[in-house]
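Trainee: Structure file start_6.pdb (PDB, C-alpha atoms, pLDDT in the B column) right here:
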```pdb
ATOM      1  CA  MET A   1      34.450  35.682  64.671  1.00 74.00           C
ATOM      2  CA  ASN A   2      37.361  35.496  67.073  1.00 82.00           C
ATOM      3  CA  ARG A   3      39.560  38.388  68.206  1.00 87.00           C
ATOM      4  CA  THR A   4      42.294  37.638  65.686  1.00 89.00           C
ATOM      5  CA  HIS A   5      39.829  37.732  62.800  1.00 88.00           C
ATOM      6  CA  LYS A   6      38.328  40.993  64.071  1.00 89.00           C
ATOM      7  CA  LEU A   7      41.783  42.553  64.375  1.00 91.00           C
ATOM      8  CA  ALA A   8      42.788  41.443  60.877  1.00 92.00           C
ATOM      9  CA  PHE A   9      39.498  42.629  59.384  1.00 92.00           C
ATOM     10  CA  SER A  10      39.828  45.969  61.207  1.00 94.00           C
ATOM     11  CA  ALA A  11      43.344  46.423  59.818  1.00 95.00           C
ATOM     12  CA  LEU A  12      42.025  45.664  56.342  1.00 95.00           C
ATOM     13  CA  MET A  13      39.312  48.303  56.792  1.00 95.00           C
ATOM     14  CA  VAL A  14      41.854  50.908  57.981  1.00 96.00           C
ATOM     15  CA  SER A  15      44.030  50.118  54.958  1.00 95.00           C
ATOM     16  CA  LEU A  16      41.116  50.509  52.573  1.00 95.00           C
ATOM     17  CA  MET A  17      40.106  53.780  54.248  1.00 94.00           C
ATOM     18  CA  MET A  18      43.682  55.067  53.907  1.00 93.00           C
ATOM     19  CA  ILE A  19      43.759  54.233  50.212  1.00 93.00           C
ATOM     20  CA  LEU A  20      40.410  55.924  49.613  1.00 91.00           C
ATOM     21  CA  SER A  21      41.463  59.000  51.615  1.00 86.00           C
ATOM     22  CA  TYR A  22      44.660  59.276  49.609  1.00 87.00           C
ATOM     23  CA  LEU A  23      42.811  58.960  46.298  1.00 88.00           C
ATOM     24  CA  GLU A  24      40.252  61.564  47.338  1.00 83.00           C
ATOM     25  CA  ALA A  25      43.023  63.984  48.244  1.00 79.00           C
ATOM     26  CA  ARG A  26      44.555  63.513  44.789  1.00 82.00           C
ATOM     27  CA  ILE A  27      41.315  63.589  42.784  1.00 81.00           C
ATOM     28  CA  PRO A  28      39.195  66.502  44.020  1.00 75.00           C
ATOM     29  CA  VAL A  29      35.501  66.559  43.118  1.00 76.00           C
ATOM     30  CA  SER A  30      35.243  70.328  43.628  1.00 76.00           C
ATOM     31  CA  THR A  31      37.369  73.441  43.706  1.00 76.00           C
ATOM     32  CA  ILE A  32      35.616  74.456  46.931  1.00 74.00           C
ATOM     33  CA  PRO A  33      37.646  73.471  50.023  1.00 69.00           C
ATOM     34  CA  GLY A  34      36.010  70.872  52.226  1.00 67.00           C
ATOM     35  CA  ILE A  35      33.952  69.181  49.523  1.00 77.00           C
ATOM     36  CA  LYS A  36      34.826  65.556  48.850  1.00 80.00           C
ATOM     37  CA  LEU A  37      32.993  62.272  48.396  1.00 82.00           C
ATOM     38  CA  GLY A  38      33.958  60.795  51.749  1.00 85.00           C
ATOM     39  CA  LEU A  39      34.480  57.281  50.428  1.00 88.00           C
ATOM     40  CA  ALA A  40      36.396  56.314  53.569  1.00 89.00           C
ATOM     41  CA  ASN A  41      33.167  56.993  55.432  1.00 91.00           C
ATOM     42  CA  CYS A  42      31.524  54.300  53.312  1.00 93.00           C
ATOM     43  CA  VAL A  43      33.971  51.770  54.757  1.00 95.00           C
ATOM     44  CA  LEU A  44      33.234  53.021  58.265  1.00 95.00           C
ATOM     45  CA  LEU A  45      29.518  52.710  57.575  1.00 95.00           C
ATOM     46  CA  LEU A  46      30.032  49.104  56.481  1.00 96.00           C
ATOM     47  CA  GLY A  47      31.999  48.559  59.672  1.00 95.00           C
ATOM     48  CA  LEU A  48      29.038  49.746  61.752  1.00 95.00           C
ATOM     49  CA  TYR A  49      26.885  47.042  60.211  1.00 94.00           C
ATOM     50  CA  TRP A  50      29.494  44.285  60.103  1.00 93.00           C
ATOM     51  CA  LEU A  51      31.490  44.853  63.289  1.00 92.00           C
ATOM     52  CA  GLY A  52      29.538  47.277  65.471  1.00 92.00           C
ATOM     53  CA  ALA A  53      30.390  50.692  66.848  1.00 94.00           C
ATOM     54  CA  GLY A  54      32.825  49.428  69.488  1.00 93.00           C
ATOM     55  CA  ILE A  55      35.301  48.369  66.813  1.00 94.00           C
ATOM     56  CA  CYS A  56      34.560  51.293  64.493  1.00 96.00           C
ATOM     57  CA  TRP A  57      35.853  53.886  66.966  1.00 97.00           C
ATOM     58  CA  PRO A  58      39.452  52.581  66.962  1.00 96.00           C
ATOM     59  CA  ILE A  59      39.243  52.077  63.183  1.00 96.00           C
ATOM     60  CA  MET A  60      38.202  55.702  62.647  1.00 96.00           C
ATOM     61  CA  LEU A  61      40.791  57.055  65.092  1.00 96.00           C
ATOM     62  CA  THR A  62      43.577  55.017  63.500  1.00 95.00           C
ATOM     63  CA  ARG A  63      42.629  56.186  60.011  1.00 94.00           C
ATOM     64  CA  VAL A  64      42.478  59.848  61.063  1.00 94.00           C
ATOM     65  CA  LEU A  65      45.856  59.723  62.798  1.00 95.00           C
ATOM     66  CA  LEU A  66      47.635  57.805  60.041  1.00 93.00           C
ATOM     67  CA  SER A  67      46.140  59.900  57.229  1.00 89.00           C
ATOM     68  CA  GLY A  68      47.057  63.103  59.026  1.00 89.00           C
ATOM     69  CA  LEU A  69      50.606  61.988  59.711  1.00 91.00           C
ATOM     70  CA  LEU A  70      51.205  60.591  56.225  1.00 88.00           C
ATOM     71  CA  PHE A  71      49.266  62.903  53.933  1.00 83.00           C
ATOM     72  CA  SER A  72      48.384  66.243  55.447  1.00 82.00           C
ATOM     73  CA  GLY A  73      49.668  67.354  58.848  1.00 85.00           C
ATOM     74  CA  PRO A  74      48.747  68.043  62.472  1.00 90.00           C
ATOM     75  CA  MET A  75      45.984  70.585  61.851  1.00 90.00           C
ATOM     76  CA  SER A  76      44.326  68.190  59.455  1.00 89.00           C
ATOM     77  CA  ILE A  77      44.238  65.647  62.271  1.00 94.00           C
ATOM     78  CA  VAL A  78      42.357  68.132  64.464  1.00 95.00           C
ATOM     79  CA  TYR A  79      39.745  68.855  61.794  1.00 94.00           C
ATOM     80  CA  SER A  80      39.400  65.224  60.701  1.00 92.00           C
ATOM     81  CA  LEU A  81      39.174  64.019  64.278  1.00 96.00           C
ATOM     82  CA  ALA A  82      36.324  66.404  65.034  1.00 97.00           C
ATOM     83  CA  GLY A  83      34.500  65.444  61.843  1.00 95.00           C
ATOM     84  CA  GLY A  84      35.090  61.733  62.280  1.00 95.00           C
ATOM     85  CA  CYS A  85      34.007  61.679  65.919  1.00 97.00           C
ATOM     86  CA  LEU A  86      30.767  63.604  65.419  1.00 97.00           C
ATOM     87  CA  SER A  87      29.972  61.721  62.223  1.00 96.00           C
ATOM     88  CA  LEU A  88      30.506  58.305  63.792  1.00 97.00           C
ATOM     89  CA  LEU A  89      28.607  59.277  66.934  1.00 97.00           C
ATOM     90  CA  ILE A  90      25.593  60.440  64.922  1.00 97.00           C
ATOM     91  CA  MET A  91      25.656  57.348  62.698  1.00 97.00           C
ATOM     92  CA  GLN A  92      26.021  55.097  65.760  1.00 96.00           C
ATOM     93  CA  LEU A  93      23.015  56.703  67.468  1.00 97.00           C
ATOM     94  CA  LEU A  94      20.823  56.696  64.366  1.00 97.00           C
ATOM     95  CA  ARG A  95      21.760  53.074  63.590  1.00 95.00           C
ATOM     96  CA  LYS A  96      19.892  52.080  66.776  1.00 93.00           C
ATOM     97  CA  MET A  97      16.731  53.895  65.706  1.00 94.00           C
ATOM     98  CA  PRO A  98      14.209  52.145  63.472  1.00 93.00           C
ATOM     99  CA  GLY A  99      13.749  53.433  59.950  1.00 92.00           C
ATOM    100  CA  PHE A 100      17.291  54.599  59.221  1.00 94.00           C
ATOM    101  CA  SER A 101      18.937  52.961  56.223  1.00 96.00           C
ATOM    102  CA  PRO A 102      22.631  53.162  55.309  1.00 96.00           C
ATOM    103  CA  VAL A 103      21.670  56.057  53.018  1.00 97.00           C
ATOM    104  CA  GLY A 104      20.142  58.013  55.917  1.00 97.00           C
ATOM    105  CA  LEU A 105      23.135  57.233  58.111  1.00 97.00           C
ATOM    106  CA  GLY A 106      25.505  58.363  55.366  1.00 96.00           C
ATOM    107  CA  MET A 107      23.596  61.615  54.879  1.00 97.00           C
ATOM    108  CA  ALA A 108      23.555  62.381  58.597  1.00 97.00           C
ATOM    109  CA  GLY A 109      27.221  61.412  58.935  1.00 96.00           C
ATOM    110  CA  GLY A 110      28.283  63.615  56.019  1.00 95.00           C
ATOM    111  CA  ALA A 111      26.425  66.646  57.341  1.00 95.00           C
ATOM    112  CA  ALA A 112      27.715  66.043  60.894  1.00 96.00           C
ATOM    113  CA  HIS A 113      31.277  65.778  59.603  1.00 95.00           C
ATOM    114  CA  ASN A 114      31.035  69.200  57.954  1.00 95.00           C
ATOM    115  CA  LEU A 115      29.355  70.746  60.991  1.00 96.00           C
ATOM    116  CA  ALA A 116      32.153  69.543  63.276  1.00 96.00           C
ATOM    117  CA  GLN A 117      34.938  70.674  60.963  1.00 94.00           C
ATOM    118  CA  VAL A 118      33.499  74.156  60.497  1.00 95.00           C
ATOM    119  CA  SER A 119      32.927  74.453  64.251  1.00 97.00           C
ATOM    120  CA  VAL A 120      36.567  73.584  64.929  1.00 96.00           C
ATOM    121  CA  ALA A 121      37.683  76.055  62.259  1.00 95.00           C
ATOM    122  CA  VAL A 122      35.630  78.783  63.955  1.00 96.00           C
ATOM    123  CA  LEU A 123      37.281  77.981  67.306  1.00 96.00           C
ATOM    124  CA  VAL A 124      40.816  77.709  65.936  1.00 95.00           C
ATOM    125  CA  LEU A 125      40.676  80.715  63.621  1.00 95.00           C
ATOM    126  CA  LYS A 126      38.381  82.772  65.872  1.00 95.00           C
ATOM    127  CA  THR A 127      36.267  83.619  62.849  1.00 93.00           C
ATOM    128  CA  PRO A 128      32.547  83.077  63.512  1.00 94.00           C
ATOM    129  CA  THR A 129      31.669  84.150  59.980  1.00 93.00           C
ATOM    130  CA  LEU A 130      32.917  80.737  58.824  1.00 91.00           C
ATOM    131  CA  PHE A 131      29.576  79.350  59.975  1.00 92.00           C
ATOM    132  CA  TRP A 132      28.130  80.843  56.780  1.00 93.00           C
ATOM    133  CA  GLN A 133      29.954  78.086  54.889  1.00 90.00           C
ATOM    134  CA  LEU A 134      27.538  75.610  56.452  1.00 92.00           C
ATOM    135  CA  ALA A 135      24.830  76.913  54.128  1.00 92.00           C
ATOM    136  CA  LEU A 136      26.732  75.166  51.336  1.00 90.00           C
ATOM    137  CA  LEU A 137      28.588  72.433  53.217  1.00 92.00           C
ATOM    138  CA  LEU A 138      25.634  70.869  55.098  1.00 94.00           C
ATOM    139  CA  PRO A 139      23.562  70.089  51.978  1.00 94.00           C
ATOM    140  CA  VAL A 140      26.651  69.021  50.043  1.00 93.00           C
ATOM    141  CA  GLY A 141      27.698  66.792  52.959  1.00 93.00           C
ATOM    142  CA  ALA A 142      24.248  65.224  52.985  1.00 94.00           C
ATOM    143  CA  VAL A 143      24.359  64.595  49.212  1.00 95.00           C
ATOM    144  CA  MET A 144      27.865  63.133  49.350  1.00 93.00           C
ATOM    145  CA  GLY A 145      26.786  61.093  52.375  1.00 95.00           C
ATOM    146  CA  ALA A 146      23.847  59.779  50.354  1.00 96.00           C
ATOM    147  CA  VAL A 147      26.292  58.629  47.664  1.00 95.00           C
ATOM    148  CA  THR A 148      28.424  56.765  50.215  1.00 95.00           C
ATOM    149  CA  GLY A 149      25.263  55.403  51.869  1.00 96.00           C
ATOM    150  CA  ILE A 150      23.953  54.071  48.549  1.00 97.00           C
ATOM    151  CA  LEU A 151      27.316  52.430  47.890  1.00 96.00           C
ATOM    152  CA  ALA A 152      27.308  50.930  51.393  1.00 96.00           C
ATOM    153  CA  ALA A 153      23.741  49.643  50.946  1.00 96.00           C
ATOM    154  CA  ILE A 154      24.718  47.928  47.679  1.00 96.00           C
ATOM    155  CA  LEU A 155      27.799  46.365  49.266  1.00 95.00           C
ATOM    156  CA  LEU A 156      25.845  45.219  52.333  1.00 95.00           C
ATOM    157  CA  LYS A 157      23.448  43.319  50.061  1.00 93.00           C
ATOM    158  CA  ARG A 158      26.175  41.725  47.955  1.00 92.00           C
ATOM    159  CA  ILE A 159      29.028  41.018  50.359  1.00 90.00           C
ATOM    160  CA  ASN A 160      29.052  38.899  53.484  1.00 83.00           C
ATOM    161  CA  PRO A 161      32.622  39.105  54.805  1.00 82.00           C
ATOM    162  CA  PHE A 162      31.914  36.538  57.498  1.00 76.00           C
ATOM    163  CA  ASN A 163      30.418  33.795  55.375  1.00 71.00           C
ATOM    164  CA  GLN A 164      31.163  30.616  57.262  1.00 57.00           C
ATOM    165  CA  ASP A 165      30.218  28.282  54.418  1.00 55.00           C
ATOM    166  CA  THR A 166      33.145  26.110  53.465  1.00 48.00           C
ATOM    167  CA  PRO A 167      33.298  23.710  50.546  1.00 47.00           C
ATOM    168  CA  LYS A 168      32.721  20.076  51.388  1.00 49.00           C
ATOM    169  CA  LYS A 169      35.529  17.602  50.875  1.00 50.00           C
ATOM    170  CA  GLY A 170      35.594  16.003  47.484  1.00 46.00           C
ATOM    171  CA  MET A 171      33.891  18.908  45.724  1.00 44.00           C
TER     172      MET A 171
END
```
I need this file expressed as structure tokens, please.
Mentor:
Amino acid sequence: MNRTHKLAFSALMVSLMMILSYLEARIPVSTIPGIKLGLANCVLLLGLYWLGAGICWPIMLTRVLLSGLLFSGPMSIVYSLAGGCLSLLIMQLLRKMPGFSPVGLGMAGGAAHNLAQVSVAVLVLKTPTLFWQLALLLPVGAVMGAVTGILAAILLKRINPFNQDTPKKGM
């Protein structure tokens, strides 16, 4: 795949992540703040397998900045950036280790995302008692990450975005 194809595919992934982020903001899965499916993370997880971590970092950063500017605001960028960076870092590291499936990566990424966001909230709000929320958010993040990991695993088996097979002339 040449650079132009990678750039176009990356832009497509950012667009899909933006759409999923917007839908998740409009259709909450819980009344508890901070709990969401994380479907945009599924796209990032696919990107790790299809494109590699080097391209996923700019994809994640672009999505966080655009989503924050368009949908939520500057403080949301801070929280999302912390969650996205730790989540992607953990998934990137675990991807290199044998035995980790997309489901395991999704679970670890979901939990890491919540850990980073709560940690930033503690620093910004100077309220260490917020760490108690991790008792709920870490397992929920792992479960939601498992859902996105299962979805990613299904898509990885069924979709090959770089299929080079072209129909023969006359067919």
Trainee: Just to confirm, what's the straight-line distance from atom CA of A:Val120 to atom CA of A:Val78 in Å (one decimal)?
Mentor: 8.0 Å
Trainee: Find, counting only C-alpha atoms, the residue in A:Leu46, A:Leu23, A:Cys56, A:Met13 that gets nearest to A:Asn160.
Mentor: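 Looking only at the distances to A:Asn160, the closest residue turns out to be A:Leu46.
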Trainee: Can you work out the spacing between atom CA of A:Ala146 and atom CA of A:Gly104 in Å, to one decimal?
Mentor: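 Spanning atom CA of A:Ala146 to atom CA of A:Gly104 is a straight-line distance of 6.9 Å.
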Trainee: Might you spell out which residues the PyMOL selection byres ((chain A and resi 38) around 12) would select in the displayed file, as a short mmCIF file (atom, residue, chain, number, x, y, z; two decimals) with C-alpha atoms, in the coordinates of the input?
Mentor:
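What follows is the written file selection06.cif:
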```
data_model
loop_
_atom_site.label_atom_id
_atom_site.label_comp_id
_atom_site.auth_asym_id
_atom_site.auth_seq_id
_atom_site.Cartn_x
_atom_site.Cartn_y
_atom_site.Cartn_z
CA MET A 17 40.11 53.78 54.25
CA MET A 18 43.68 55.07 53.91
CA ILE A 19 43.76 54.23 50.21
CA LEU A 20 40.41 55.92 49.61
CA SER A 21 41.46 59.00 51.62
CA TYR A 22 44.66 59.28 49.61
CA LEU A 23 42.81 58.96 46.30
CA GLU A 24 40.25 61.56 47.34
CA ALA A 25 43.02 63.98 48.24
CA ILE A 27 41.32 63.59 42.78
CA PRO A 28 39.20 66.50 44.02
CA VAL A 29 35.50 66.56 43.12
CA GLY A 34 36.01 70.87 52.23
CA ILE A 35 33.95 69.18 49.52
CA LYS A 36 34.83 65.56 48.85
CA LEU A 37 32.99 62.27 48.40
CA LEU A 39 34.48 57.28 50.43
CA ALA A 40 36.40 56.31 53.57
CA ASN A 41 33.17 56.99 55.43
CA CYS A 42 31.52 54.30 53.31
CA VAL A 43 33.97 51.77 54.76
CA LEU A 44 33.23 53.02 58.26
CA LEU A 45 29.52 52.71 57.58
CA SER A 80 39.40 65.22 60.70
CA GLY A 83 34.50 65.44 61.84
CA GLY A 84 35.09 61.73 62.28
CA SER A 87 29.97 61.72 62.22
CA GLY A 106 25.50 58.36 55.37
CA MET A 107 23.60 61.62 54.88
CA GLY A 109 27.22 61.41 58.94
CA GLY A 110 28.28 63.62 56.02
CA ALA A 111 26.42 66.65 57.34
CA HIS A 113 31.28 65.78 59.60
CA ASN A 114 31.04 69.20 57.95
CA VAL A 140 26.65 69.02 50.04
CA GLY A 141 27.70 66.79 52.96
CA ALA A 142 24.25 65.22 52.98
CA VAL A 143 24.36 64.60 49.21
CA MET A 144 27.86 63.13 49.35
CA GLY A 145 26.79 61.09 52.38
CA ALA A 146 23.85 59.78 50.35
CA VAL A 147 26.29 58.63 47.66
CA THR A 148 28.42 56.76 50.22
CA GLY A 149 25.26 55.40 51.87
CA LEU A 151 27.32 52.43 47.89
CA ALA A 152 27.31 50.93 51.39
#
```
Trainee: Find, counting all atoms listed in the file, the residue in A:Leu88, A:Gly54, A:Ala108, A:Arg26 that gets nearest to A:Ser72.
Mentor: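 Between A:Leu88, A:Gly54, A:Ala108, A:Arg26, the residue approaching A:Ser72 most closely is A:Arg26.
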Trainee: For atom CA of A:Met1 and atom CA of A:Ser101, determine how far apart the two atoms are, in Å to one decimal place.
Mentor: 24.7 Å
Trainee: Box time for stretch 97-112 of chain A: axis-aligned, enclosing all its listed atoms, 3 Å extra on each side; report centre and edge lengths in Å to one decimal, as AutoDock Vina command-line options.
Mentor:
```
--center_x 21.0 --center_y 59.4 --center_z 59.4 --size_x 20.5 --size_y 20.5 --size_z 18.7
```
Trainee: Can you work out which one of A:Ser76, A:Gln133, A:Phe71, A:Arg3 has the shortest atom-to-atom distance to A:Leu51, counting only C-alpha atoms?
Mentor: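 Among the listed residues, A:Arg3 lies closest to A:Leu51.
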Trainee: Could you check which of A:Leu105, A:Pro161, A:Tyr79, A:Ala8 is closest to A:Val124, using all atoms listed in the file?
Mentor: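 Distance minimum relative to A:Val124 lands on A:Tyr79.
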Trainee: Give me the result of the PyMOL selection byres ((chain A and resi 64) around 9) on this file, residue by residue, as a PyMOL selection string.
Mentor: chain A and resi 18+59-63+65-69+76-78+80-81+84
Trainee: Taking all atoms listed in the file into account, which of A:Arg158, A:Ala112, A:Val122, A:Ile150 comes nearest A:Leu86?
Mentor: A:Ala112
Trainee: Between A:Leu93, A:Val103, A:Leu138, A:Ala116, which residue has the minimum interatomic distance to A:Ala153, considering all atoms listed in the file?
Mentor: A:Val103
